[in-house]
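**Q** Please read through the structure below; I'll follow up with questions.
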Protein chains: 2
Amino acid sequence: MARGSTRPTSRDVARAAGVSQAAVSLVLGDKWRGRVSEATAARVRQAAQDLGYRPNLAARNLRLGQARTALLVVPALTNEFFAAVYEGAARIAAKHGFGVVLYPSPEGIGPAPDPFASARAALDGVIASSMASEALTEIRGDDLPLVMLDSDPAGSLGAATVNLDITDGMRQITEHLLALGHRRFLHLAADIDSWTFHVRARELAARVGQAADTEVRTAKAPITIEGALAAAEHALRGPDPRPTAVVCDDDKLAVGAYKAARRLGLRIPEDLSVTGFDDLALATAIEPELTTVRLDAELFGERGMTALLAVLEGETPPEGNIPVELVVRGSTAPPRPS
Amino acid sequence: MARGSTRPTSRDVARAAGVSQAAVSLVLGDKWRGRVSEATAARVRQAAQDLGYRPNLAARNLRLGQARTALLVVPALTNEFFAAVYEGAARIAAKHGFGVVLYPSPEGIGPAPDPFASARAALDGVIASSMASEALTEIRGDDLPLVMLDSDPAGSLGAATVNLDITDGMRQITEHLLALGHRRFLHLAADIDSWTFHVRARELAARVGQAADTEVRTAKAPITIEGALAAAEHALRGPDPRPTAVVCDDDKLAVGAYKAARRLGLRIPEDLSVTGFDDLALATAIEPELTTVRLDAELFGERGMTALLAVLEGETPPEGNIPVELVVRGSTAPPRPS
DNA sequence: CAGCTCAAGTTGTACGTATAACGTCCTCGG
DNA sequence: CCGAGGACGTTATACGTACAACTTGAGCTG
């Protein structure tokens with residue numbers, strides 16, 4: 001802030017090139033065909049180069065009434081899944097000259113004024129994960145275009161939604177396990193009240209319910225290794241007969257299940273099958289490698305940004321769920337004959 | 001963009017409250033003590049509330065000549081370490097009314113105009129990880145305040161630096177392994193040419209060199225599980241006698257080492273000790289849990305942001321390395337007597 | 001009651017840009 | 001030789017805000 005020489009403006013460039021400020025704006029804005037001679041344009045570009053001129057974004061945004069910036073609201077970047085969503089969104093944004101800013105994790109803000117509560121004018125739109133929906137209304141105005149990620153299409157009035165095909169993912173897992181012969185399941189569920197996890201539970205119950213002699217127990221856990229370990233161990237120590245397969249809402253929960261199995265002396269997959277959800281780096285780090293559902297988080301982010309851009313253009317965003325894929329690895333096998 | 005009713009401005013609020021626009025600015029900017037009566041101030045605030053007024057950030061930034069925004073340049077957010085750095089930086093930033101934007105991963109930008117190349121005017125400063133230093137000069141002007149993360153203090157002319165005490169971390173690892181009795185080491189090194197990884201190699205060589213009858217082999221690998229697996233397997237199949245400890249530059253590399261050991265029929269830690277670096281979630285997910293050096297990535301980000309804020313205030317940023325901590329878990333043990 | 005002070009505002013302007021609207025000169029057809 | 005139009009610009013203005021400088025009236029003092 002205590003910088004003496006301020007940065008050069010378009011007026012400085014104009015002076016150096018011997019033209020008016022307007023001419024500089026035309027040339028650098030690439031709107032000079034038939035309005036400025038090639039020679040003059042070259043002179044202007046050279047002057048801009050020499051001075052190291054960069055347009056002042058604040059002024060440009062003010063003038064144009066838009067910021068070419070979108071806000072992405074996610075629960076936590078340290079979750080690899082959401083980091084990948086960001087990267088996908090940022091890639092598409094960059095292709096269209098847009099930037100993406102993140103809503104800082106709510107618990108970290110404290111009593112300070114939320115920078116984004118007053119930043120609405122510098123944003124053109126919002127992409128929000130359903131997991132972060134509570135704080136959403138105060139961040140976003142009632143007028144800012146909105147795209148919801150993984151949210152109940154029926155419940156998000158007006159806003160465009162982009163969803164992964166969670167239902168199909170859970171269907172594939174369930175059918176895989178049923179085909180292997182499993183009948184007694186433990187559902188290790190995330191203790192988060194959001195649409196995407198409700199769908200998992202609903203689909204698991206529906207599919208398993210169609211087979212005979214089946215049972216589904218549920219244990220809720222926070223999405224941490226320790227939390228999952230505690231919940232899984234407690235549930236697996238429950239009344240006989242023990243479940244033969246643990247269906248986890250998330251790969252991280254599956255790691256907890258692995259640790260619980262180890263404590264109980266159960267081998268995976270011989271004594272216990274385990275499945276995850278997301279296909280994070282974690283899934284192939286552990287032994288045996290985890291059977292899970294691959295979610296293309298980057299594509300998810302890309303679709304979210306694409307949808308927002310469509311809304312901004314006044315078009316109708318594309319519909320349709322993003323397909324997911326069951327990846328069978330070493331953590332699932334037929335149950336031991338009892 | 002095709003929105004009919006534009007958002008209310010401070011002038012609209014002024015009209016509604018029956019005062020001038022300047023009065024609105026004074027009241028909402030909290031600079032009205034002794035300039036505006038309490039009653040009028042209340043009227044203004046009420047009007048702003050009613051209209052749902054939010055200041056236009058672009059205009060404010062233009063007027064003030066600052067954006068209260070910092071740019072954080074990191075190689076990849078999907079690396080949990082850098083995601084945590086972001087969260088730390090964003091937390092401190094928010095406390096000071098600042099925002100943090102990320103430099104989008106370079107490979108994703110493609111031929112489109114880089115939004116940040118021209119965004120300098122909307123940025124007040126840059127925090128950059130050394131791993132991303134190549135692209136730095138074109139992003140940053142030559143005038144924007146800069147803080148470097150994990151970079152050679154001697155090499156970063158003028159810019160403030162914030163460093164983790166990597167040297168001490170490697171010292172602790174080496175001494176731990178030497179104390180256990182190890183003499184033959186494999187250094188599974190990241191194939192990235194950056195200061196932070198040079199320090200690891202240098203310190204390992206220096207410390208081990210002080211003991212008698214020691215040997216250090218080096219294998220370079222990209223920081224992926226597959227890459228590390230290939231490099232580690234190749235190195236461990238090398239000429240006898242085999243190394244008894246694998247020192248990895250990074251936890252992810254250590255996972256590759258685990259997989260290589262498994263392929264070779266070596267048990268960890270009985271036949272082979274393995275150490276990591278970073279203490280990511282991965283470290284406690286695998287079995288046995290990984291002996292590694294804990295880096296407080298969030299604190300790292302906090303310190304980076306604090307340093308930048310100090311520079312912006314014209315103060316001298318605080319000095320000193322951030323301490324790191326050896327976390328001994330189950331992946332290290334005395335070598336098998338030969 | 002003249003002159004001063006102070007509260008309580010208002011008027012005016014600048015930040016840097018993009019673009020609409022307005023000159024010029026030059027060329028060229030009729 | 002005149003007028004039309006294109007090529008090549010320039011001048012002027014608005015975006016919404018923050019703040020310096022000015023105005024106005026009331027109260028107080030001597």
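Residues are named by chain letter and number: chains run A, B, ... in the order of the structure tokens, numbers start at 1 in each chain, and ligands are numbered from 1 in the order shown.
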List every residue of chain C that has an atom at most 12 Å from any atom of chain B, and for each one report the closest atom pair and its distance in Å to one decimal, counting only C-alpha atoms (C1' of nucleotides), with rows sorted by chain and then by increasing residue number, as a Markdown table.
**A**
```
| residue | atom | partner | partner_atom | distance |
| --- | --- | --- | --- | --- |
| C:DC6 | C1' | B:Gly34 | CA | 9.7 |
| C:DA7 | C1' | B:Gly34 | CA | 7.0 |
| C:DA8 | C1' | B:Val36 | CA | 5.5 |
| C:DG9 | C1' | B:Val36 | CA | 6.7 |
| C:DT10 | C1' | B:Ser20 | CA | 6.8 |
| C:DT11 | C1' | B:Ala22 | CA | 9.3 |
| C:DG12 | C1' | B:Ala22 | CA | 10.6 |
| C:DT13 | C1' | B:Arg63 | CA | 11.4 |
| C:DA14 | C1' | B:Arg63 | CA | 7.9 |
| C:DC15 | C1' | B:Arg63 | CA | 4.7 |
| C:DG16 | C1' | B:Leu62 | CA | 7.6 |
| C:DT17 | C1' | B:Leu62 | CA | 10.2 |
```
**Q** Which neighbours of Lys252 (chain A) fall inside 8 Å, counting only C-alpha atoms (C1' of nucleotides), when residues of the same chain fewer than 4 positions from it are skipped, and could you give them as an NGL selection string?
**A** :A and (223-225 or 228 or 256 or 276 or 282)
**Q** With C-alpha atoms kept, could you save the residues just selected as a compact mmCIF listing (two decimals), in the first residue's frame?
**A**
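The result, written out as part_16.txt:
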```
# COMPACT_ATOMS: atom_id res chain seq x y z
CA ILE A 223 -16.54 -38.78 8.06
CA THR A 224 -13.22 -39.36 9.80
CA ILE A 225 -11.16 -42.48 10.12
CA ALA A 228 -15.76 -44.61 11.39
CA GLY A 256 -12.44 -47.03 9.40
CA GLY A 276 -16.62 -47.43 -0.44
CA LEU A 282 -7.20 -43.52 -0.39
```
**Q** At a cut-off of 12 Å, using only C-alpha atoms (C1' of nucleotides), what residues contact DC28 (chain D)? Leave out same-chain residues fewer than 5 positions from it and give the result as a PyMOL selection string.
**A** chain C and resi 3-6
**Q** As an exercise, work out the distance from C1' of DC15 (chain D) to CA of Ala58 (chain B) in Å and give it to one decimal place.
**A** 9.6 Å
**Q** May I ask for the distance between CA of Ala189 (chain B) and CA of Asp249 (chain B), given in Å to one decimal place?
**A** 5.3 Å
**Q** When you draw a straight line from CA of Arg68 (chain A) to CA of Thr6 (chain B), how long is it in Å?
**A**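 A separation of 16.8 Å between them.
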**Q** Pull out every residue of chain D that has at least one atom within 7 Å of chain A, counting only C-alpha atoms (C1' of nucleotides), and report them as a VMD selection string.
**A** chain D and resid 7 to 10 15
**Q** Quick one: pick out all strand (DSSP E) residues within region 87-324 of chain B from a backbone DSSP run and write them as a ChimeraX atom specification.
**A** /B:99-102,125-129,146-149,160-162,184-190,215-221,245-248,273-275,292-294
